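Novice: Could you have a look at this structure, given as structure tokens, before my questions?
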Number of protein chains: 2
Amino acid sequence: MREDTKMKKAPVPLWIVGSVGIDDIKTRTDDRKNLLGGSVPYSTVAASYFVKPGAVGVVGTDFPAVFERRWRRFGINLDGLQREAGETFRWACAYDDNMIERTTLDTRLGVFAAFKPVLPETYKAAPFVLLGNIQPELQMHVLKQASGAKFVALDTMNLWIDTALPALKRVMRKVDLFTVNDGEARQLTGKWNLLDCAAAIRKMGPRYVIIKKGEHGALLVSEKGVFIVPAYPVRKLTDPTGAGDSYAGAMMGYLAKAGNVTDRLMREALVHASAIASFGVEGFSIERFEKLTAAMIRARVRELTKMMTV
Amino acid sequence: MREDTKMKKAPVPLWIVGSVGIDDIKTRTDDRKNLLGGSVPYSTVAASYFVKPGAVGVVGTDFPAVFERRWRRFGINLDGLQREAGETFRWACAYDDNMIERTTLDTRLGVFAAFKPVLPETYKAAPFVLLGNIQPELQMHVLKQASGAKFVALDTMNLWIDTALPALKRVMRKVDLFTVNDGEARQLTGKWNLLDCAAAIRKMGPRYVIIKKGEHGALLVSEKGVFIVPAYPVRKLTDPTGAGDSYAGAMMGYLAKAGNVTDRLMREALVHASAIASFGVEGFSIERFEKLTAAMIRARVRELTKMMTV
């Protein structure tokens with residue numbers, strides 16, 4: 001336990017808030033139950049290849065000790081993980097044969113319903129912050145505690161665009177980077193062309209906008225122009241759950257390690273994010289990451305870069 | 001007319017066979033009638049920025065002289081354009097608001113129904129050939145006349161996969177490059193993953209496979225690996241008709257000018273194709289090309305390359 005004790009005292013360079021859950025996931029070929037899920041495990045594990053991030057979330061008394069051990073093995077600081085009386089957030093879904101569309105079969109919020117994130121002291125000075133997809137009021141609440149935040153990224157989902165738009169817009173004014181998928185970008189802005197969407201979003205606050213297009217990759221739009229980053233073409237797609245979270249986590253981990261944000265670093269970060277997210281979807285939950293080495297990541301980044309290079 | 005006479009005598013380095021038609025096109029904001037359409041005008045005009053290609057197709061007695069003049073102005077050799085008694089192929093379509101899905105409102109084959117392509121003498125030695133989307137038997141028929149063909153590209157559509165699969169497979173065995181959109185690649189191979197589709201198609205004959213994904217760009221797969229080329233993000237999409245034809249034409253024009261095919265040249269060709277096709281969809285028919293300069297193309301190629309570069 002010596003290492004854990006040390007981790008708890010060192011300030012983290014990046015923390016990530018979001019959901020922590022237990023997932024049941026059905027695909028055409030598999031039916032897996034009781035998996036470690038939620039946005040924070042995916043994004044912190046992906047970030048851990050660059051820095052040791054802090055996790056902010058809530059679990060119930062039923063959260064398996066083995067999940068915490070497996071998660072902590074990536075060097076992640078779990079001081080921000082609250083344990084409350086009640087059940088952990090649970091989510092069940094079934095993917096269509098194309099592995100793109102999915103049907104939510106069950107959602108039980110449990111202790112996540114009353115989640116009120118509290119930032120540990122060792123997180124407050126962190127320059128890099130990823131506000132994962134939770135209610136915008138909570139994102140604002142936790143951001144206010146982040147006195148050292150210098151570069152803040154925000155993720156969201158259609159639910160909050162539908163039900164909490166004014167609060168979402170308030171958070172958007174406070175962040176540097178906004179990440180959103182293509183459908184949500186269109187829903188949020190009322191525009192169809194993704195460059196028009198990005199321009200409209202940049203007017204709402206964030207200097208950097210990343211529009212994610214699933215298996216078609218992503219667009220980064222900033223004052224420096226547009227960067228088009230493809231998704232690494234995965235040969236054996238096992239479970240797409242958490243791909244966007246891994247993507248955002250890896251990107252923020254890369255930037256936190258660099259300790260700086262430039263257009264060049266952002267482009268490099270996105271290529272690394274694409275490579276890391278592509279490993280994630282080759283397994284359920286964080287299972288693929290548990291067998292992933294730095295050399296494998298370097299090789300895939302090289303391969304993807306070659307695929308993009310004229 | 002001196003220039004035309006000269007053109008007719010010089011052998012062409014590339015010829016393209018396909019449809020020539022008169023289109024009516026409706027979009028959310030426009031309703032245009034009697035436009036020069038069909039795959040050959042789009043693809044030969046796009047190729048004309050690199051070499052002066054030959055066109056193989058058929059028109060009726062109603063084909064307007066002004067279409068021919070405007071088309072010829074790009075330096076295209078029209079010796080392969082047959083004129084038959086009857087009506088020119090006509091097609092009418094309406095695009096959905098998203099400018100992706102479209103509904104065919106009317107198709108009248110006219111003289112295209114009895115089209116039997118004959119290759120002019122000055123085309124026979126051409127090393128580069130693009131077999132545009134026509135009945136596979138006709139593609140084979142015209143290819144047999146191409147004694148000098150060294151690099152043959154083939155395009156097709158879902159109709160021939162449904163109704164003429166054995167003939168299509170026979171042509172596929174004779175070509176070097178096969179270009180197909182993602183839906184058609186899946187239909188043809190019965191596989192979902194596009195890398196699996198490309199591998200299956202390569203086993204059918206073509207060394208090079210290009211899978212087009214519309215606004216998401218394209219994948220090139222060969223023994224040298226995968227190249228992912230994005231579509232240039234168009235700000236003002238006016239009419240997507242012919243984008244795939246311009247893309248294939250520009251690519252073949254680039255290769256014909258180089259006089260050679262390597263992985264590097266193919267990648268360069270696809271970036272140029274993406275840039276040129278992106279201009280095409282900014283106007284109806286070939287209208288945008290009529291105001292397009294070499295400097296504009298160079299600038300867009302530079303811009304797209306910057307968007308792809310880490």
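If you're wondering about the labels, chains in the structure tokens are A, B, ... by order shown, residues count from 1 in each chain, ligands from 1 in order shown.
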Excluding Ala113 of chain B and any residue of its chain fewer than 2 positions from it, enumerate the residues within 12 Å of it, using only C-alpha atoms, and give them as number ranges by chain.

Specialist: B: 19-20, 57-60, 84, 86-90, 107-111, 115-117, 134-135, 138

Novice: Keeping only N, CA and C atoms, take the residues you just selected and write them out as a PDB file, in the first residue's frame.

Specialist:
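To be explicit, this is the file written out as result-v2.pdb:
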```
ATOM      1  N   SER B  19     -21.861   7.253 -68.404  1.00  0.00           N
ATOM      2  CA  SER B  19     -23.110   7.844 -68.872  1.00  0.00           C
ATOM      3  C   SER B  19     -22.913   9.319 -69.199  1.00  0.00           C
ATOM      4  N   VAL B  20     -23.704   9.782 -70.159  1.00  0.00           N
ATOM      5  CA  VAL B  20     -23.787  11.215 -70.448  1.00  0.00           C
ATOM      6  C   VAL B  20     -25.278  11.521 -70.443  1.00  0.00           C
ATOM      7  N   GLY B  57     -19.083   7.720 -74.643  1.00  0.00           N
ATOM      8  CA  GLY B  57     -20.463   7.721 -74.178  1.00  0.00           C
ATOM      9  C   GLY B  57     -21.392   7.883 -75.361  1.00  0.00           C
ATOM     10  N   VAL B  58     -22.673   8.057 -75.048  1.00  0.00           N
ATOM     11  CA  VAL B  58     -23.649   8.212 -76.123  1.00  0.00           C
ATOM     12  C   VAL B  58     -24.645   9.317 -75.760  1.00  0.00           C
ATOM     13  N   VAL B  59     -24.998  10.105 -76.760  1.00  0.00           N
ATOM     14  CA  VAL B  59     -26.044  11.112 -76.579  1.00  0.00           C
ATOM     15  C   VAL B  59     -27.035  11.006 -77.726  1.00  0.00           C
ATOM     16  N   GLY B  60     -28.207  11.585 -77.532  1.00  0.00           N
ATOM     17  CA  GLY B  60     -29.238  11.585 -78.563  1.00  0.00           C
ATOM     18  C   GLY B  60     -29.158  12.845 -79.407  1.00  0.00           C
ATOM     19  N   GLU B  84     -26.625   9.206 -81.411  1.00  0.00           N
ATOM     20  CA  GLU B  84     -27.597   8.258 -81.975  1.00  0.00           C
ATOM     21  C   GLU B  84     -28.965   8.923 -82.100  1.00  0.00           C
ATOM     22  N   GLY B  86     -32.547   9.536 -81.332  1.00  0.00           N
ATOM     23  CA  GLY B  86     -33.324   9.276 -80.123  1.00  0.00           C
ATOM     24  C   GLY B  86     -33.009  10.306 -79.067  1.00  0.00           C
ATOM     25  N   GLU B  87     -33.479  10.035 -77.849  1.00  0.00           N
ATOM     26  CA  GLU B  87     -33.324  11.009 -76.766  1.00  0.00           C
ATOM     27  C   GLU B  87     -32.116  10.691 -75.894  1.00  0.00           C
ATOM     28  N   THR B  88     -31.488  11.719 -75.404  1.00  0.00           N
ATOM     29  CA  THR B  88     -30.381  11.576 -74.459  1.00  0.00           C
ATOM     30  C   THR B  88     -30.919  11.032 -73.119  1.00  0.00           C
ATOM     31  N   PHE B  89     -30.107  10.231 -72.471  1.00  0.00           N
ATOM     32  CA  PHE B  89     -30.404   9.735 -71.120  1.00  0.00           C
ATOM     33  C   PHE B  89     -30.818  10.896 -70.210  1.00  0.00           C
ATOM     34  N   ARG B  90     -31.939  10.715 -69.496  1.00  0.00           N
ATOM     35  CA  ARG B  90     -32.413  11.774 -68.588  1.00  0.00           C
ATOM     36  C   ARG B  90     -32.615  11.225 -67.186  1.00  0.00           C
ATOM     37  N   THR B 107     -36.192   8.388 -64.456  1.00  0.00           N
ATOM     38  CA  THR B 107     -35.048   7.918 -65.243  1.00  0.00           C
ATOM     39  C   THR B 107     -35.567   7.538 -66.619  1.00  0.00           C
ATOM     40  N   ARG B 108     -35.030   8.173 -67.653  1.00  0.00           N
ATOM     41  CA  ARG B 108     -35.393   7.757 -69.014  1.00  0.00           C
ATOM     42  C   ARG B 108     -34.109   7.452 -69.763  1.00  0.00           C
ATOM     43  N   LEU B 109     -33.904   6.156 -70.079  1.00  0.00           N
ATOM     44  CA  LEU B 109     -32.622   5.732 -70.638  1.00  0.00           C
ATOM     45  C   LEU B 109     -32.358   6.295 -72.034  1.00  0.00           C
ATOM     46  N   GLY B 110     -33.394   6.387 -72.849  1.00  0.00           N
ATOM     47  CA  GLY B 110     -33.217   6.896 -74.212  1.00  0.00           C
ATOM     48  C   GLY B 110     -32.167   6.080 -74.959  1.00  0.00           C
ATOM     49  N   VAL B 111     -31.271   6.763 -75.653  1.00  0.00           N
ATOM     50  CA  VAL B 111     -30.250   6.078 -76.462  1.00  0.00           C
ATOM     51  C   VAL B 111     -29.248   5.301 -75.603  1.00  0.00           C
ATOM     52  N   PHE B 115     -26.705   1.460 -75.806  1.00  0.00           N
ATOM     53  CA  PHE B 115     -25.301   1.909 -75.886  1.00  0.00           C
ATOM     54  C   PHE B 115     -24.367   0.724 -76.086  1.00  0.00           C
ATOM     55  N   LYS B 116     -23.513   0.841 -77.073  1.00  0.00           N
ATOM     56  CA  LYS B 116     -22.492  -0.180 -77.337  1.00  0.00           C
ATOM     57  C   LYS B 116     -21.195   0.591 -77.589  1.00  0.00           C
ATOM     58  N   PRO B 117     -20.384   0.757 -76.575  1.00  0.00           N
ATOM     59  CA  PRO B 117     -19.243   1.658 -76.726  1.00  0.00           C
ATOM     60  C   PRO B 117     -18.227   1.165 -77.754  1.00  0.00           C
ATOM     61  N   ILE B 134     -21.278   1.745 -65.762  1.00  0.00           N
ATOM     62  CA  ILE B 134     -22.266   1.276 -66.747  1.00  0.00           C
ATOM     63  C   ILE B 134     -22.375  -0.235 -66.571  1.00  0.00           C
ATOM     64  N   GLN B 135     -23.251  -0.860 -67.317  1.00  0.00           N
ATOM     65  CA  GLN B 135     -23.446  -2.316 -67.259  1.00  0.00           C
ATOM     66  C   GLN B 135     -22.097  -3.041 -67.385  1.00  0.00           C
ATOM     67  N   LEU B 138     -20.845  -4.141 -70.792  1.00  0.00           N
ATOM     68  CA  LEU B 138     -20.353  -3.068 -71.656  1.00  0.00           C
ATOM     69  C   LEU B 138     -18.955  -2.641 -71.239  1.00  0.00           C
TER      70      LEU B 138
END
```

Novice: With the cut-off set at 8 Å and counting only C-alpha atoms, tabulate each residue of chain A with an atom at most that distance from an atom of chain B, showing the nearest atom pair and its distance in Å to one decimal, ordered by chain and increasing number, as a Markdown table.

Specialist:
```
| residue | atom | partner | partner_atom | distance |
| --- | --- | --- | --- | --- |
| A:Asn98 | CA | B:Trp192 | CA | 7.1 |
| A:Trp192 | CA | B:Asn98 | CA | 7.1 |
| A:Asn193 | CA | B:Arg235 | CA | 7.1 |
| A:Leu195 | CA | B:Arg235 | CA | 6.9 |
| A:Asp196 | CA | B:Arg235 | CA | 7.7 |
| A:His216 | CA | B:His216 | CA | 6.2 |
| A:Gly225 | CA | B:Met307 | CA | 7.7 |
| A:Val226 | CA | B:Met307 | CA | 5.5 |
| A:Phe227 | CA | B:Met307 | CA | 4.4 |
| A:Ile228 | CA | B:Met308 | CA | 5.6 |
| A:Val229 | CA | B:Met308 | CA | 6.8 |
| A:Pro230 | CA | B:Ile228 | CA | 7.1 |
| A:Pro233 | CA | B:Leu195 | CA | 7.5 |
| A:Arg235 | CA | B:Leu195 | CA | 6.9 |
| A:Arg264 | CA | B:Val310 | CA | 6.6 |
| A:Arg267 | CA | B:Val310 | CA | 5.3 |
| A:Glu268 | CA | B:Val310 | CA | 5.9 |
| A:Val271 | CA | B:Val310 | CA | 7.8 |
| A:Lys306 | CA | B:Phe227 | CA | 7.6 |
| A:Met307 | CA | B:Phe227 | CA | 4.4 |
| A:Met308 | CA | B:Ile228 | CA | 5.6 |
| A:Thr309 | CA | B:Thr309 | CA | 7.2 |
| A:Val310 | CA | B:Arg267 | CA | 5.3 |
```

Novice: Using the selection just defined, write its residues with N, CA and C atoms as a short mmCIF file (atom, residue, chain, number, x, y, z; two decimals), in the first residue's frame.

Specialist:
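selection-v8.cif written:
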```cif
data_model
loop_
_atom_site.label_atom_id
_atom_site.label_comp_id
_atom_site.auth_asym_id
_atom_site.auth_seq_id
_atom_site.Cartn_x
_atom_site.Cartn_y
_atom_site.Cartn_z
N ASN A 98 -24.55 -3.82 -36.36
CA ASN A 98 -23.54 -2.93 -36.95
C ASN A 98 -22.63 -2.34 -35.88
N TRP A 192 -26.48 22.07 -39.82
CA TRP A 192 -26.16 20.74 -40.31
C TRP A 192 -24.66 20.61 -40.62
N ASN A 193 -24.11 21.56 -41.33
CA ASN A 193 -22.69 21.53 -41.71
C ASN A 193 -21.82 21.57 -40.46
N LEU A 195 -18.74 22.34 -39.93
CA LEU A 195 -17.93 23.55 -39.74
C LEU A 195 -18.79 24.69 -39.21
N ASP A 196 -20.03 24.77 -39.67
CA ASP A 196 -20.95 25.77 -39.14
C ASP A 196 -21.26 25.48 -37.67
N HIS A 216 -15.77 7.35 -38.08
CA HIS A 216 -15.22 8.24 -39.12
C HIS A 216 -14.21 9.24 -38.56
N GLY A 225 -7.45 26.81 -37.36
CA GLY A 225 -8.01 26.10 -38.50
C GLY A 225 -8.59 24.76 -38.10
N VAL A 226 -8.60 23.85 -39.07
CA VAL A 226 -9.26 22.56 -38.91
C VAL A 226 -8.21 21.44 -38.95
N PHE A 227 -8.36 20.48 -38.07
CA PHE A 227 -7.56 19.26 -38.15
C PHE A 227 -8.54 18.10 -38.25
N ILE A 228 -8.32 17.25 -39.25
CA ILE A 228 -9.20 16.09 -39.46
C ILE A 228 -8.43 14.86 -39.03
N VAL A 229 -8.88 14.21 -37.98
CA VAL A 229 -8.16 13.02 -37.51
C VAL A 229 -9.04 11.79 -37.71
N PRO A 230 -8.54 10.80 -38.43
CA PRO A 230 -9.36 9.61 -38.65
C PRO A 230 -9.39 8.73 -37.40
N PRO A 233 -8.69 2.31 -37.99
CA PRO A 233 -9.66 1.28 -38.43
C PRO A 233 -9.45 -0.04 -37.68
N ARG A 235 -9.91 -3.76 -36.58
CA ARG A 235 -10.25 -4.98 -37.28
C ARG A 235 -11.26 -5.82 -36.50
N ARG A 264 -0.13 22.28 -32.44
CA ARG A 264 0.66 21.09 -32.74
C ARG A 264 0.46 20.00 -31.68
N ARG A 267 -2.93 18.40 -32.01
CA ARG A 267 -2.99 17.42 -33.11
C ARG A 267 -2.33 16.10 -32.69
N GLU A 268 -1.17 16.21 -32.07
CA GLU A 268 -0.50 15.00 -31.58
C GLU A 268 -1.38 14.28 -30.56
N VAL A 271 -4.14 12.25 -32.27
CA VAL A 271 -3.68 11.01 -32.90
C VAL A 271 -3.46 9.94 -31.82
N LYS A 306 1.05 6.85 -40.41
CA LYS A 306 1.37 6.43 -41.78
C LYS A 306 0.10 6.38 -42.65
N MET A 307 -1.00 5.95 -42.06
CA MET A 307 -2.27 5.89 -42.80
C MET A 307 -2.78 7.28 -43.19
N MET A 308 -2.30 8.30 -42.46
CA MET A 308 -2.79 9.67 -42.68
C MET A 308 -1.85 10.47 -43.56
N THR A 309 -0.68 9.91 -43.86
CA THR A 309 0.38 10.71 -44.47
C THR A 309 0.45 10.48 -45.97
N VAL A 310 0.47 11.57 -46.71
CA VAL A 310 0.55 11.48 -48.18
C VAL A 310 1.93 10.97 -48.58
#
```

Novice: Have a look at atom CA of Ser285 of chain A and atom CA of Leu131 of chain A and let me know their distance in Å, one decimal.

Specialist: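 Separation of atom CA of Ser285 of chain A and atom CA of Leu131 of chain A: 20.3 Å.
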
Novice: I need the residues of segment 174-273 of chain B that end up classed as strand (DSSP E) by DSSP on the backbone, written out as JSON, numbers by chain.

Specialist: {"B": [177, 178, 179, 180, 181, 208, 209, 210, 211, 212, 218, 219, 220, 221, 222, 225, 226, 227, 228, 229]}

Novice: Neighbours of Val51 of chain B within 7 Å (only C-alpha atoms; same-chain residues fewer than 6 positions away dropped), as a CSV table (one decimal) with N, CA and C atoms, in the first residue's frame?

Specialist:
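So selection27.csv came out as:
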```csv
chain,number,residue,atom,x,y,z
B,253,GLY,N,-6.7,11.2,-63.7
B,253,GLY,CA,-6.0,12.2,-64.4
B,253,GLY,C,-4.6,12.5,-63.8
B,256,ALA,N,-2.4,9.6,-64.7
B,256,ALA,CA,-2.1,9.6,-66.1
B,256,ALA,C,-1.0,10.6,-66.4
B,257,LYS,N,-1.1,11.8,-65.7
B,257,LYS,CA,-0.1,12.8,-65.9
B,257,LYS,C,1.3,12.3,-65.3
```

Novice: As a PyMOL selection string, please: every residue in segment 54-279 of chain A that a backbone DSSP assignment puts in alpha helix (DSSP H).

Specialist: chain A and resi 65-72+136-143+158-163+165-172+182-189+194-203+243-258+263-279

Novice: Write out the residues from the selection above, keeping C-alpha atoms, as an mmCIF file, in the first residue's frame.

Specialist:
```
data_model
loop_
_atom_site.group_PDB
_atom_site.id
_atom_site.type_symbol
_atom_site.label_atom_id
_atom_site.label_comp_id
_atom_site.auth_asym_id
_atom_site.auth_seq_id
_atom_site.Cartn_x
_atom_site.Cartn_y
_atom_site.Cartn_z
ATOM 1 C CA ALA A 65 -13.367 -4.205 -4.317
ATOM 2 C CA VAL A 66 -11.857 -5.985 -7.312
ATOM 3 C CA PHE A 67 -12.992 -3.153 -9.617
ATOM 4 C CA GLU A 68 -11.222 -0.654 -7.415
ATOM 5 C CA ARG A 69 -8.053 -2.757 -7.331
ATOM 6 C CA ARG A 70 -8.027 -3.237 -11.095
ATOM 7 C CA TRP A 71 -8.677 0.436 -11.671
ATOM 8 C CA ARG A 72 -6.035 1.563 -9.170
ATOM 9 C CA PRO A 136 -24.121 20.652 -16.243
ATOM 10 C CA GLU A 137 -24.942 22.079 -12.768
ATOM 11 C CA LEU A 138 -22.627 19.484 -11.235
ATOM 12 C CA GLN A 139 -19.931 20.242 -13.784
ATOM 13 C CA MET A 140 -20.142 23.906 -12.752
ATOM 14 C CA HIS A 141 -20.226 23.011 -9.067
ATOM 15 C CA VAL A 142 -17.012 21.001 -9.237
ATOM 16 C CA LEU A 143 -15.270 23.411 -11.597
ATOM 17 C CA ASN A 158 -28.055 14.874 -25.893
ATOM 18 C CA LEU A 159 -29.915 14.477 -22.554
ATOM 19 C CA TRP A 160 -28.452 17.732 -21.192
ATOM 20 C CA ILE A 161 -28.939 19.590 -24.475
ATOM 21 C CA ASP A 162 -32.619 18.619 -24.183
ATOM 22 C CA THR A 163 -33.170 19.155 -20.460
ATOM 23 C CA LEU A 165 -29.504 23.814 -21.977
ATOM 24 C CA PRO A 166 -29.163 27.094 -20.016
ATOM 25 C CA ALA A 167 -26.916 25.401 -17.425
ATOM 26 C CA LEU A 168 -24.898 23.717 -20.173
ATOM 27 C CA LYS A 169 -24.371 27.074 -21.877
ATOM 28 C CA ARG A 170 -23.148 28.574 -18.583
ATOM 29 C CA VAL A 171 -20.499 25.844 -18.250
ATOM 30 C CA MET A 172 -19.551 26.186 -21.920
ATOM 31 C CA ASP A 182 -21.814 15.119 -34.679
ATOM 32 C CA GLY A 183 -25.482 14.504 -33.895
ATOM 33 C CA GLU A 184 -25.267 16.448 -30.637
ATOM 34 C CA ALA A 185 -23.394 19.317 -32.309
ATOM 35 C CA ARG A 186 -26.242 19.585 -34.823
ATOM 36 C CA GLN A 187 -28.856 19.377 -32.065
ATOM 37 C CA LEU A 188 -27.091 22.064 -30.015
ATOM 38 C CA THR A 189 -26.610 24.546 -32.853
ATOM 39 C CA LEU A 194 -20.155 20.523 -39.086
ATOM 40 C CA LEU A 195 -17.930 23.547 -39.743
ATOM 41 C CA ASP A 196 -20.951 25.774 -39.141
ATOM 42 C CA CYS A 197 -21.687 23.798 -35.955
ATOM 43 C CA ALA A 198 -18.113 24.278 -34.747
ATOM 44 C CA ALA A 199 -18.192 28.005 -35.490
ATOM 45 C CA ALA A 200 -21.462 28.379 -33.579
ATOM 46 C CA ILE A 201 -20.086 26.415 -30.623
ATOM 47 C CA ARG A 202 -16.897 28.511 -30.552
ATOM 48 C CA LYS A 203 -19.124 31.591 -30.201
ATOM 49 C CA ALA A 243 -14.741 4.997 -26.868
ATOM 50 C CA GLY A 244 -15.528 8.715 -26.599
ATOM 51 C CA ASP A 245 -14.466 8.723 -22.939
ATOM 52 C CA SER A 246 -11.163 6.987 -23.679
ATOM 53 C CA TYR A 247 -10.630 9.419 -26.518
ATOM 54 C CA ALA A 248 -11.149 12.500 -24.339
ATOM 55 C CA GLY A 249 -9.127 11.011 -21.472
ATOM 56 C CA ALA A 250 -6.145 10.108 -23.636
ATOM 57 C CA MET A 251 -6.184 13.541 -25.261
ATOM 58 C CA MET A 252 -6.199 15.319 -21.895
ATOM 59 C CA GLY A 253 -3.528 12.986 -20.533
ATOM 60 C CA TYR A 254 -1.290 13.783 -23.485
ATOM 61 C CA LEU A 255 -1.741 17.541 -23.002
ATOM 62 C CA ALA A 256 -1.257 17.291 -19.217
ATOM 63 C CA LYS A 257 2.010 15.457 -19.776
ATOM 64 C CA ALA A 258 3.150 18.160 -22.218
ATOM 65 C CA ASP A 263 -2.172 23.541 -32.086
ATOM 66 C CA ARG A 264 0.664 21.086 -32.738
ATOM 67 C CA LEU A 265 0.333 19.423 -29.318
ATOM 68 C CA MET A 266 -3.425 19.210 -29.774
ATOM 69 C CA ARG A 267 -2.994 17.418 -33.106
ATOM 70 C CA GLU A 268 -0.500 15.000 -31.581
ATOM 71 C CA ALA A 269 -2.850 14.471 -28.639
ATOM 72 C CA LEU A 270 -5.717 13.564 -30.979
ATOM 73 C CA VAL A 271 -3.683 11.008 -32.903
ATOM 74 C CA HIS A 272 -2.675 9.381 -29.621
ATOM 75 C CA ALA A 273 -6.287 9.553 -28.453
ATOM 76 C CA SER A 274 -7.460 7.853 -31.634
ATOM 77 C CA ALA A 275 -4.894 5.065 -31.188
ATOM 78 C CA ILE A 276 -5.726 4.504 -27.512
ATOM 79 C CA ALA A 277 -9.494 4.603 -28.022
ATOM 80 C CA SER A 278 -9.085 2.033 -30.801
ATOM 81 C CA PHE A 279 -7.517 -0.407 -28.346
#
```

Novice: Looking at A:Asn181, A:Arg298, A:Phe289, A:Pro13, which one is nearest to Phe74 of chain A, with distances taken over only C-alpha atoms?

Specialist: A:Phe289

Novice: Could you tell me how far atom CA of Arg302 of chain A sits from atom CA of Val261 of chain A, in Å to one decimal place?

Specialist: 21.7 Å

Novice: Quick one, how far is atom CA of Thr293 of chain B from atom CA of Ser43 of chain B?

Specialist: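 Atom-to-atom, atom CA of Thr293 of chain B and atom CA of Ser43 of chain B are spaced 16.8 Å apart.
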
Novice: Here is a test: counting only C-alpha atoms, which residue of B:Thr61, B:Ser147, B:Asn34, B:Thr103 is nearest to Ala126 of chain B?

Specialist: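 Of the candidates, the smallest distance to Ala126 of chain B is held by B:Ser147.
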